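The next block is data-v1.tsv, given as TSV, C-alpha atoms.
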```tsv
chain	number	residue	atom	x	y	z
A	1	MET	CA	-2.92	-16.91	29.11
A	2	GLU	CA	-1.46	-18.69	26.14
A	3	LEU	CA	-3.39	-19.48	22.99
A	4	ASP	CA	-3.43	-23.15	22.10
A	5	SER	CA	-1.53	-23.62	18.84
A	6	ASN	CA	-3.87	-26.43	17.80
A	7	GLU	CA	-6.18	-24.61	15.42
A	8	THR	CA	-9.09	-27.02	15.71
A	9	GLN	CA	-9.46	-26.45	19.43
A	10	PRO	CA	-8.48	-22.89	20.23
A	11	THR	CA	-8.51	-22.10	23.93
A	12	VAL	CA	-10.66	-19.43	25.42
A	13	VAL	CA	-8.63	-16.29	26.04
A	14	VAL	CA	-9.63	-14.25	29.03
A	15	SER	CA	-8.70	-10.63	29.61
A	16	SER	CA	-6.53	-9.71	32.55
A	17	THR	CA	-9.32	-7.74	34.23
A	18	PRO	CA	-11.95	-10.23	35.42
A	19	GLY	CA	-15.49	-9.47	34.33
A	20	ARG	CA	-14.48	-7.88	31.07
A	21	ILE	CA	-14.24	-9.80	27.81
A	22	SER	CA	-13.15	-13.17	26.51
A	23	LEU	CA	-12.53	-14.48	23.00
A	24	ARG	CA	-13.81	-17.82	21.69
A	25	PRO	CA	-14.78	-19.37	18.36
A	26	MET	CA	-18.18	-18.41	17.02
A	27	THR	CA	-20.90	-21.01	16.44
A	28	LEU	CA	-24.30	-21.13	14.74
A	29	SER	CA	-25.96	-20.81	18.13
A	30	ASP	CA	-24.59	-17.23	18.21
A	31	VAL	CA	-26.85	-16.24	15.32
A	32	ASP	CA	-29.31	-14.12	17.32
A	33	ASP	CA	-26.53	-12.15	19.00
A	34	TYR	CA	-24.83	-11.86	15.60
A	35	MET	CA	-28.00	-10.36	14.12
A	36	VAL	CA	-27.89	-7.53	16.69
A	37	TRP	CA	-24.78	-5.99	15.10
A	38	ALA	CA	-25.10	-7.42	11.59
A	39	THR	CA	-28.41	-5.70	10.94
A	40	ASP	CA	-27.21	-2.33	12.23
A	41	ALA	CA	-26.43	0.18	9.44
A	42	LYS	CA	-24.30	2.25	11.81
A	43	VAL	CA	-22.13	-0.78	12.56
A	44	ALA	CA	-21.92	-1.69	8.85
A	45	ARG	CA	-21.01	1.86	7.83
A	46	PHE	CA	-17.28	1.30	7.46
A	47	CYS	CA	-17.50	-2.42	6.75
A	48	SER	CA	-17.38	-4.01	3.34
A	49	TRP	CA	-20.74	-5.70	3.93
A	50	GLU	CA	-24.28	-4.36	3.84
A	51	PRO	CA	-26.54	-4.83	6.88
A	52	CYS	CA	-28.07	-8.29	7.14
A	53	THR	CA	-31.83	-8.35	6.41
A	54	SER	CA	-33.02	-11.76	7.62
A	55	ARG	CA	-32.15	-14.50	10.08
A	56	GLU	CA	-31.73	-16.91	7.14
A	57	GLU	CA	-29.21	-14.54	5.60
A	58	GLY	CA	-27.44	-14.37	8.97
A	59	ILE	CA	-27.27	-18.17	9.25
A	60	LYS	CA	-25.95	-18.40	5.70
A	61	TYR	CA	-23.27	-15.76	6.38
A	62	ILE	CA	-22.12	-17.44	9.59
A	63	THR	CA	-22.00	-20.83	7.81
A	64	ASP	CA	-20.24	-19.63	4.66
A	65	SER	CA	-17.93	-16.91	5.93
A	66	VAL	CA	-17.59	-17.00	9.71
A	67	LEU	CA	-17.23	-20.69	10.52
A	68	THR	CA	-14.87	-21.16	7.54
A	69	HIS	CA	-12.68	-18.20	8.47
A	70	PRO	CA	-9.04	-19.11	9.21
A	71	TRP	CA	-8.99	-17.00	12.39
A	72	LEU	CA	-12.10	-15.40	13.84
A	73	ARG	CA	-13.18	-15.06	17.47
A	74	ALA	CA	-16.39	-13.91	19.11
A	75	ILE	CA	-15.86	-11.10	21.62
A	76	CYS	CA	-17.88	-12.16	24.66
A	77	LEU	CA	-18.92	-10.60	27.93
A	78	GLU	CA	-19.09	-12.49	31.20
A	79	ASP	CA	-22.24	-14.34	30.14
A	80	ASP	CA	-20.34	-15.80	27.15
A	81	ARG	CA	-22.67	-14.07	24.69
A	82	PRO	CA	-20.93	-12.36	21.75
A	83	ILE	CA	-21.09	-8.59	21.38
A	84	GLY	CA	-18.95	-8.61	18.22
A	85	TYR	CA	-16.00	-10.41	16.67
A	86	ILE	CA	-12.35	-9.93	15.85
A	87	LEU	CA	-10.44	-11.58	13.05
A	88	ILE	CA	-7.01	-11.98	11.46
A	89	MET	CA	-6.68	-12.26	7.68
A	90	PRO	CA	-3.54	-13.28	5.80
A	91	VAL	CA	-2.23	-10.62	3.41
A	92	ASP	CA	0.85	-12.58	2.37
A	93	ASN	CA	3.51	-14.82	3.96
A	94	ILE	CA	4.69	-12.17	6.42
A	95	ARG	CA	1.75	-9.80	6.81
A	96	LYS	CA	-1.62	-10.24	8.48
A	97	GLU	CA	-4.50	-7.79	8.78
A	98	ILE	CA	-6.69	-7.35	11.86
A	99	GLY	CA	-10.37	-6.46	11.70
A	100	TYR	CA	-13.10	-6.17	14.33
A	101	VAL	CA	-16.75	-5.27	14.73
A	102	LEU	CA	-18.75	-4.48	17.84
A	103	ALA	CA	-22.47	-4.00	18.47
A	104	ARG	CA	-23.22	-0.31	18.87
A	105	LYS	CA	-24.61	-0.67	22.40
A	106	TYR	CA	-21.09	-1.62	23.53
A	107	TRP	CA	-19.19	1.18	21.79
A	108	GLY	CA	-17.20	3.69	23.86
A	109	LYS	CA	-16.46	1.30	26.73
A	110	GLY	CA	-13.03	0.07	25.71
A	111	PHE	CA	-14.17	-3.41	24.62
A	112	ALA	CA	-12.71	-3.19	21.13
A	113	THR	CA	-9.46	-1.86	22.56
A	114	GLU	CA	-9.32	-4.78	24.98
A	115	ALA	CA	-10.05	-7.31	22.23
A	116	VAL	CA	-7.37	-5.86	19.94
A	117	ARG	CA	-4.91	-5.81	22.83
A	118	LEU	CA	-5.62	-9.44	23.69
A	119	VAL	CA	-5.17	-10.60	20.09
A	120	THR	CA	-2.06	-8.50	19.52
A	121	ALA	CA	-0.50	-9.87	22.73
A	122	GLU	CA	-0.96	-13.47	21.61
A	123	ILE	CA	-0.96	-13.60	17.82
A	124	PHE	CA	2.82	-13.49	17.23
A	125	LYS	CA	3.33	-16.55	19.44
A	126	GLU	CA	0.55	-18.38	17.66
A	127	MET	CA	1.85	-17.31	14.22
A	128	PRO	CA	5.62	-16.84	14.51
A	129	GLU	CA	5.97	-16.24	10.78
A	130	ILE	CA	4.18	-12.87	11.04
A	131	GLU	CA	6.52	-9.92	10.64
A	132	ARG	CA	3.76	-7.31	10.55
A	133	LEU	CA	0.18	-7.01	11.79
A	134	GLU	CA	-1.62	-4.22	10.00
A	135	ALA	CA	-4.97	-2.49	9.98
A	136	LEU	CA	-6.61	-0.27	7.36
A	137	VAL	CA	-9.16	2.18	8.73
A	138	ASP	CA	-11.37	4.60	6.81
A	139	VAL	CA	-10.17	8.20	7.35
A	140	GLU	CA	-13.57	9.04	8.80
A	141	ASN	CA	-13.66	6.12	11.24
A	142	VAL	CA	-12.00	8.03	14.05
A	143	GLY	CA	-13.26	5.69	16.78
A	144	SER	CA	-11.50	2.71	15.25
A	145	GLN	CA	-8.31	4.70	14.71
A	146	ARG	CA	-8.31	5.53	18.43
A	147	VAL	CA	-8.66	1.84	19.34
A	148	LEU	CA	-5.48	0.99	17.47
A	149	GLU	CA	-3.57	3.99	18.82
A	150	LYS	CA	-4.53	3.08	22.40
A	151	VAL	CA	-3.17	-0.44	21.92
A	152	GLY	CA	0.11	0.89	20.55
A	153	PHE	CA	-0.23	0.44	16.79
A	154	THR	CA	1.85	2.86	14.72
A	155	ARG	CA	-0.09	5.20	12.44
A	156	GLU	CA	2.00	5.03	9.29
A	157	GLY	CA	0.05	7.40	7.05
A	158	VAL	CA	-3.02	8.04	4.96
A	159	MET	CA	-3.20	5.98	1.76
A	160	ARG	CA	-5.21	8.12	-0.63
A	161	LYS	CA	-7.90	6.53	-2.82
A	162	PHE	CA	-6.80	3.13	-1.56
A	163	ILE	CA	-9.89	0.88	-1.56
A	164	ILE	CA	-13.38	0.77	-2.99
A	165	MET	CA	-15.94	0.48	-0.19
A	166	LYS	CA	-19.55	0.16	-1.25
A	167	GLY	CA	-18.85	1.82	-4.59
A	168	SER	CA	-16.77	4.76	-3.27
A	169	VAL	CA	-13.02	5.03	-3.43
A	170	ARG	CA	-11.85	5.74	0.12
A	171	ASP	CA	-8.78	7.18	1.76
A	172	MET	CA	-7.57	4.72	4.41
A	173	VAL	CA	-5.25	5.14	7.37
A	174	MET	CA	-2.61	2.42	7.58
A	175	PHE	CA	-1.57	1.14	11.01
A	176	SER	CA	0.93	-1.55	11.92
A	177	PHE	CA	2.18	-3.51	14.89
A	178	LEU	CA	5.43	-5.45	14.82
A	179	PRO	CA	6.44	-8.30	17.15
A	180	SER	CA	9.10	-5.98	18.57
A	181	ASP	CA	6.66	-3.14	19.36
A	182	PRO	CA	5.58	-2.52	22.97
A	183	LEU	CA	1.90	-3.02	23.78
A	184	LYS	CA	0.33	-0.07	25.54
B	1	MET	CA	11.25	44.07	-24.70
B	2	PRO	CA	13.55	47.12	-24.32
B	3	SER	CA	11.06	48.84	-22.05
B	4	LYS	CA	10.83	45.74	-19.84
B	5	GLU	CA	14.58	45.53	-19.61
B	6	THR	CA	14.78	49.17	-18.65
B	7	ASN	CA	12.34	48.68	-15.81
B	8	VAL	CA	14.09	45.56	-14.65
B	9	GLN	CA	17.57	47.05	-14.77
B	10	GLU	CA	16.54	49.33	-11.97
B	11	ASN	CA	16.38	46.24	-9.80
B	12	SER	CA	19.18	43.84	-8.89
B	13	LYS	CA	21.40	42.33	-11.52
B	14	GLU	CA	20.14	38.84	-10.72
B	15	SER	CA	16.51	39.58	-11.41
B	16	SER	CA	17.26	41.31	-14.71
B	17	SER	CA	19.05	38.27	-16.10
B	18	GLU	CA	16.11	36.09	-15.02
B	19	MET	CA	13.68	38.39	-16.80
B	20	GLU	CA	15.47	37.83	-20.12
B	21	ILE	CA	14.40	34.19	-20.07
B	22	ASP	CA	10.70	33.62	-20.66
B	23	ALA	CA	8.64	31.34	-18.45
B	24	CYS	CA	8.50	28.41	-20.91
B	25	THR	CA	12.24	28.19	-21.33
B	26	LEU	CA	12.76	28.40	-17.60
B	27	LYS	CA	10.41	25.44	-17.01
B	28	ALA	CA	12.06	23.39	-19.73
B	29	MET	CA	15.51	24.04	-18.29
B	30	SER	CA	14.55	23.20	-14.74
B	31	SER	CA	12.56	20.05	-15.51
B	32	SER	CA	14.30	18.38	-18.42
B	33	PRO	CA	17.22	16.00	-18.09
B	34	SER	CA	20.58	16.79	-19.69
B	35	GLU	CA	19.67	14.30	-22.44
B	36	LYS	CA	16.24	14.08	-24.06
B	37	ILE	CA	14.38	10.81	-23.56
B	38	HIS	CA	11.31	9.16	-25.03
B	39	LEU	CA	9.33	6.06	-24.13
B	40	ARG	CA	8.44	3.25	-26.55
B	41	PRO	CA	7.48	-0.44	-26.29
B	42	MET	CA	10.36	-2.81	-25.58
B	43	THR	CA	11.16	-5.65	-27.99
B	44	LEU	CA	13.51	-8.62	-28.26
B	45	PHE	CA	15.79	-6.37	-30.31
B	46	ASP	CA	16.54	-4.55	-27.05
B	47	ILE	CA	18.12	-7.67	-25.51
B	48	ASP	CA	21.72	-6.44	-25.62
B	49	ASP	CA	20.85	-3.07	-24.17
B	50	PHE	CA	18.69	-4.83	-21.56
B	51	MET	CA	21.67	-6.95	-20.51
B	52	VAL	CA	23.68	-3.79	-19.79
B	53	TRP	CA	21.44	-2.77	-16.87
B	54	ALA	CA	20.11	-6.21	-15.98
B	55	THR	CA	23.56	-7.63	-15.21
B	56	ASP	CA	24.57	-4.64	-13.06
B	57	ILE	CA	24.53	-5.36	-9.33
B	58	ASN	CA	24.29	-1.66	-8.52
B	59	VAL	CA	21.11	-1.46	-10.54
B	60	THR	CA	19.52	-4.58	-9.03
B	61	ARG	CA	20.31	-3.65	-5.43
B	62	PHE	CA	16.74	-2.59	-4.59
B	63	CYS	CA	15.03	-4.80	-7.16
B	64	THR	CA	13.36	-8.04	-6.22
B	65	TRP	CA	15.48	-9.84	-8.79
B	66	GLU	CA	19.15	-10.83	-8.93
B	67	PRO	CA	21.42	-9.68	-11.78
B	68	TYR	CA	20.99	-11.68	-14.98
B	69	THR	CA	23.86	-13.95	-15.88
B	70	SER	CA	22.97	-15.20	-19.35
B	71	ARG	CA	21.55	-13.80	-22.55
B	72	GLU	CA	19.13	-16.75	-22.70
B	73	ALA	CA	17.66	-15.78	-19.34
B	74	GLY	CA	17.34	-12.19	-20.57
B	75	ILE	CA	15.53	-13.35	-23.71
B	76	ALA	CA	13.21	-15.50	-21.60
B	77	PHE	CA	12.48	-12.50	-19.38
B	78	ILE	CA	11.59	-10.32	-22.37
B	79	ASN	CA	9.37	-13.06	-23.81
B	80	ASN	CA	7.65	-14.09	-20.58
B	81	PHE	CA	7.39	-10.82	-18.71
B	82	VAL	CA	8.09	-7.78	-20.89
B	83	LEU	CA	6.13	-8.60	-24.04
B	84	PRO	CA	2.93	-9.71	-22.27
B	85	HIS	CA	3.09	-6.86	-19.73
B	86	PRO	CA	0.00	-4.61	-19.77
B	87	TRP	CA	2.11	-1.42	-19.71
B	88	LEU	CA	5.86	-1.41	-19.98
B	89	ARG	CA	8.10	0.97	-21.97
B	90	ALA	CA	11.75	1.19	-22.82
B	91	ILE	CA	13.35	4.50	-21.77
B	92	CYS	CA	15.35	5.66	-24.79
B	93	LEU	CA	17.76	8.40	-25.66
B	94	ASP	CA	17.79	10.17	-29.04
B	95	ASP	CA	19.33	7.15	-30.76
B	96	ASP	CA	16.28	5.07	-29.71
B	97	ARG	CA	18.47	2.63	-27.76
B	98	ALA	CA	17.01	1.51	-24.44
B	99	ILE	CA	18.83	2.59	-21.28
B	100	GLY	CA	16.18	1.36	-18.87
B	101	SER	CA	12.50	0.59	-18.55
B	102	ILE	CA	9.42	1.90	-16.79
B	103	SER	CA	6.16	0.08	-16.13
B	104	VAL	CA	2.74	0.49	-14.60
B	105	THR	CA	1.38	-2.75	-13.17
B	106	PRO	CA	-2.24	-3.09	-12.04
B	107	VAL	CA	-2.62	-3.73	-8.29
B	108	ASP	CA	-6.40	-3.97	-8.59
B	109	ASN	CA	-9.20	-2.28	-10.57
B	110	ILE	CA	-8.36	1.21	-9.37
B	111	ARG	CA	-4.67	1.10	-8.41
B	112	GLY	CA	-1.53	0.85	-10.49
B	113	GLU	CA	2.04	0.56	-9.29
B	114	ILE	CA	4.89	2.31	-11.11
B	115	GLY	CA	8.36	0.82	-11.29
B	116	TYR	CA	11.47	1.84	-13.19
B	117	VAL	CA	15.06	0.84	-13.70
B	118	ILE	CA	17.88	2.78	-15.38
B	119	GLY	CA	21.42	1.74	-16.32
B	120	SER	CA	23.82	3.13	-13.69
B	121	LYS	CA	25.84	5.02	-16.33
B	122	TYR	CA	22.78	7.25	-16.76
B	123	TRP	CA	22.04	7.93	-13.09
B	124	GLY	CA	22.06	11.48	-11.73
B	125	LYS	CA	20.96	13.14	-14.99
B	126	GLY	CA	17.25	13.51	-14.27
B	127	ILE	CA	16.33	10.73	-16.68
B	128	ALA	CA	14.26	8.67	-14.25
B	129	THR	CA	12.50	11.85	-13.12
B	130	GLU	CA	11.64	12.72	-16.71
B	131	ALA	CA	10.44	9.18	-17.46
B	132	VAL	CA	8.22	9.13	-14.35
B	133	ARG	CA	6.90	12.59	-15.23
B	134	LEU	CA	6.02	11.46	-18.76
B	135	VAL	CA	4.12	8.50	-17.34
B	136	GLY	CA	2.41	10.68	-14.71
B	137	GLU	CA	1.24	13.03	-17.47
B	138	GLU	CA	-0.20	10.33	-19.71
B	139	ILE	CA	-1.24	7.30	-17.70
B	140	PHE	CA	-4.54	8.62	-16.31
B	141	LYS	CA	-5.73	9.55	-19.82
B	142	GLU	CA	-4.75	6.12	-21.07
B	143	LYS	CA	-6.32	4.39	-18.05
B	144	PRO	CA	-9.27	6.50	-16.91
B	145	GLU	CA	-10.32	3.81	-14.43
B	146	MET	CA	-7.10	4.34	-12.47
B	147	GLU	CA	-7.76	6.29	-9.27
B	148	ARG	CA	-4.29	5.96	-7.81
B	149	LEU	CA	-0.77	5.41	-9.12
B	150	GLU	CA	1.48	4.26	-6.32
B	151	ALA	CA	5.13	3.43	-5.78
B	152	LEU	CA	6.87	1.45	-3.04
B	153	VAL	CA	10.50	2.37	-2.46
B	154	ASP	CA	12.99	0.79	-0.08
B	155	VAL	CA	13.75	3.17	2.84
B	156	ASP	CA	17.42	3.07	1.86
B	157	ASN	CA	16.79	3.91	-1.81
B	158	VAL	CA	16.97	7.66	-1.35
B	159	GLY	CA	17.69	8.36	-5.03
B	160	SER	CA	14.43	6.79	-6.13
B	161	GLN	CA	12.48	8.57	-3.38
B	162	LYS	CA	13.84	11.88	-4.69
B	163	VAL	CA	12.69	11.02	-8.24
B	164	LEU	CA	9.10	10.60	-7.10
B	165	GLU	CA	9.17	13.71	-4.91
B	166	LYS	CA	10.52	15.82	-7.77
B	167	VAL	CA	7.67	14.69	-10.02
B	168	GLY	CA	5.05	15.50	-7.39
B	169	PHE	CA	4.14	12.14	-5.87
B	170	VAL	CA	2.92	12.38	-2.28
B	171	ARG	CA	5.03	10.58	0.31
B	172	GLU	CA	2.35	8.91	2.41
B	173	GLY	CA	4.50	7.16	4.98
B	174	VAL	CA	6.90	4.38	5.84
B	175	MET	CA	5.30	0.92	5.85
B	176	ARG	CA	7.37	-1.07	8.32
B	177	LYS	CA	8.40	-4.66	7.51
B	178	PHE	CA	6.26	-4.44	4.40
B	179	MET	CA	8.00	-6.58	1.80
B	180	CYS	CA	10.51	-9.36	1.44
B	181	LEU	CA	13.42	-8.31	-0.72
B	182	LYS	CA	16.01	-11.00	-1.41
B	183	GLY	CA	15.25	-12.75	1.85
B	184	ASN	CA	15.14	-9.63	4.02
B	185	VAL	CA	11.98	-7.99	5.29
B	186	ARG	CA	12.24	-4.32	4.33
B	187	ASP	CA	10.63	-1.08	5.40
B	188	MET	CA	9.17	0.60	2.31
B	189	VAL	CA	8.12	4.18	1.65
B	190	MET	CA	4.69	4.48	0.03
B	191	PHE	CA	4.12	7.23	-2.56
B	192	SER	CA	1.02	8.02	-4.56
B	193	LEU	CA	-0.13	10.19	-7.45
B	194	LEU	CA	-3.80	10.85	-8.10
B	195	PRO	CA	-5.34	12.11	-11.34
B	196	SER	CA	-6.22	15.31	-9.48
B	197	ASP	CA	-2.66	15.95	-8.26
B	198	SER	CA	-0.53	18.62	-9.97
B	199	LEU	CA	2.73	17.44	-11.45
B	200	LEU	CA	5.73	19.51	-10.46
```

Output the file's structure as structure tokens, nothing else.
Amino acid sequence: MELDSNETQPTVVVSSTPGRISLRPMTLSDVDDYMVWATDAKVARFCSWEPCTSREEGIKYITDSVLTHPWLRAICLEDDRPIGYILIMPVDNIRKEIGYVLARKYWGKGFATEAVRLVTAEIFKEMPEIERLEALVDVENVGSQRVLEKVGFTREGVMRKFIIMKGSVRDMVMFSFLPSDPLK
Amino acid sequence: MPSKETNVQENSKESSSEMEIDACTLKAMSSSPSEKIHLRPMTLFDIDDFMVWATDINVTRFCTWEPYTSREAGIAFINNFVLPHPWLRAICLDDDRAIGSISVTPVDNIRGEIGYVIGSKYWGKGIATEAVRLVGEEIFKEKPEMERLEALVDVDNVGSQKVLEKVGFVREGVMRKFMCLKGNVRDMVMFSLLPSDSLL
């Protein structure tokens, strides 16, 4: 399936295995599903944000940060309800960074792997200027490292004391995927 | 001393000659360049020495900038970039003339990036290594908020990679298609030094 290059009306992307996941823009009506993962401290553990504490806060975050994001998609099951989201952030003219979050109930089932694979398969066509898609993962976030490895990202190395996360300076593993790399 | 020599002479000839040199001298010999260098702030008075390395295409090969072609451009560079820079030093020989420069540029609150350039006439003498070592020894005291000093080196710039390895930087990995250099997207090797690391 090809992604529509018209940013205002991105197409729904469906995974190759029917009954698995699809990606679509998030809306305010997703707030209750959003709250499921956004309030979960275990989900927030390796994220830059603290768990959400109220529905109002959730609505504000979706309005200010999610709906305005240059490239963010809800990860949805068959019923079109989001179980997380995946996003692409510009680093500079040639580099983009991928990030994703999934509600804990859906961990360990390959959903994040499928979402990352879907995005990686399409993103270079949608954004031909990208030379490098990268991901930075906390050294302790082994689950997320495995997602990227399963998709075919290259583990380039551990960047020591690379970012401050919630007041601590963390070692981060750098991964990359180039347009020329084979998807696994 | 005589008693030590007597003991040692029982062993091989090689080890006895090593024993005659004390540990301090041995370290100084192995780590210092053939010419002694010091670091100091750069000024407009350095313009002519600056032009020596800044016009050299061999020097600029792995730099983001092209060789300078006019003294005016060099003066503008010193005024606009060098003088306001948060941490930049001329690398000088005994006569206090600049033969290159070294700088630490903030990446963010906790990270700094080291960069250095030396006139090609002075390559291969351990000068860059000594300059980087001097910075590695001092920078974390000067900037206690710095958690990480990093360096990005073109995969083909083996000489510069060796400088960092000799000082004790950790080679973390090759970042593929990381940076645009003169219109080409380059693979870069990432190195880092932490305050807790031991310098070699």

Only residues of chain B matter here; which ones have an atom within 7 Å of chain A, counting only C-alpha atoms? Give them as a PDB file with C-alpha atoms, keeping the file's coordinate frame.
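Result file is selection-v3.pdb:
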```pdb
ATOM      1  CA  GLU B 147      -7.760   6.290  -9.270  1.00  0.00           C
ATOM      2  CA  ARG B 148      -4.290   5.960  -7.810  1.00  0.00           C
ATOM      3  CA  GLU B 172       2.350   8.910   2.410  1.00  0.00           C
ATOM      4  CA  GLY B 173       4.500   7.160   4.980  1.00  0.00           C
ATOM      5  CA  VAL B 174       6.900   4.380   5.840  1.00  0.00           C
ATOM      6  CA  MET B 175       5.300   0.920   5.850  1.00  0.00           C
ATOM      7  CA  LYS B 177       8.400  -4.660   7.510  1.00  0.00           C
TER       8      LYS B 177
END
```

Atom CA of Ser103 of chain B to atom CA of Gly115 of chain B: how many Å, to one decimal?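 A separation of 5.4 Å between them.
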
Enter the distance from atom CA of Val104 of chain B to atom CA of Trp87 of chain B, in Å, rounded to one decimal.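 Taking atom CA of Val104 of chain B as the start and atom CA of Trp87 of chain B as the end point, the length is 5.5 Å.
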
Kindly provide the residues of segment 82-175 of chain A that approach segment 53-67 of chain A to within 12 Å, each paired with its closest atom pair and their distance in Å to one decimal, based on only C-alpha atoms, listed by chain and increasing number, as a tab-separated table.
```
residue	atom	partner	partner_atom	distance
A:Tyr85	CA	A:Val66	CA	9.7
A:Ile86	CA	A:Val66	CA	10.7
A:Leu87	CA	A:Val66	CA	9.6
A:Ile88	CA	A:Val66	CA	11.8
```

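Compared by their closest atoms to Thr27 of chain A, and using all atoms listed in the file, the residues A:Glu129, A:Asp80, A:Asp181, A:Glu50 rank with A:Asp80 nearest.
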
Could you check the closest approach to Thr120 of chain A for each of A:Gly84, A:Pro90, A:Pro51, A:Pro182 and tell me which residue wins, using only C-alpha atoms?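 Checking each of A:Gly84, A:Pro90, A:Pro51, A:Pro182 against Thr120 of chain A, counting only C-alpha atoms, the winner is A:Pro182.
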
Neighbour list for Ile139 of chain B as a list of chain:residue names, cut-off 9 Å, only C-alpha atoms, skip fewer than 6 positions in-chain: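 In the requested form, the answer reads B:Val104, B:Met146, B:Leu149, B:Pro195.
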
Name the residues in contact with Ile83 of chain A at a cut-off of 12 Å, using all atoms listed in the file, excluding same-chain residues fewer than 4 positions from it; report them as an MDAnalysis selection string. chainID A and resid 20:24 26 30:38 43 73:79 100:107 111:112 115

For segment 151-165 of chain B, list every protein, DNA or RNA residue within 6 Å, evaluated using all atoms listed in the file, and leave out those in the same chain fewer than 6 positions away; present the list as a list of chain:residue names.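 So, after excluding close chain neighbours, the residues are B:Glu113, B:Ile114, B:Thr129, B:Asp187, B:Met188, B:Val189, B:Met190, B:Phe191.
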
Residue with smallest distance to Asn141 of chain A - pool A:Met165, A:Leu72, A:Met172, A:Cys52, counting all atoms listed in the file: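 Smallest separation from Asn141 of chain A among the options: A:Met172.
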
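Atom to atom, atom CA of Cys63 of chain B and atom CA of Leu181 of chain B stand 7.5 Å apart.
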
Exercise: Ala54 of chain B partners within 6 Å, only C-alpha atoms, chain neighbours under 2 positions left out, as number ranges by chain: B: 50-52, 56, 67-68

If you count all atoms listed in the file, which residues fall within 12 Å of segment 78-85 of chain B, apart from same-chain ones fewer than 3 positions away, as a PyMOL selection string? chain B and resi 41-51+54+71-75+88-90+101-106

May I have the protein, DNA and RNA residues with an atom at most 10 Å from (14.6, 7.4, -31.1), counting only C-alpha atoms in the file's coordinates, returned as a ChimeraX atom specification? /B:36-40,91-98

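When all atoms listed in the file are used to measure the gap to Glu97 of chain A, the shortest distance among A:Val119, A:Gly110, A:Ala135, A:Val151 belongs to A:Ala135.
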
Nearest residue to Lys166 of chain A out of A:Leu148, A:Thr39, A:Val13, A:Arg45, using only C-alpha atoms?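 Answer, going by the shortest atom-to-atom distance: A:Arg45.
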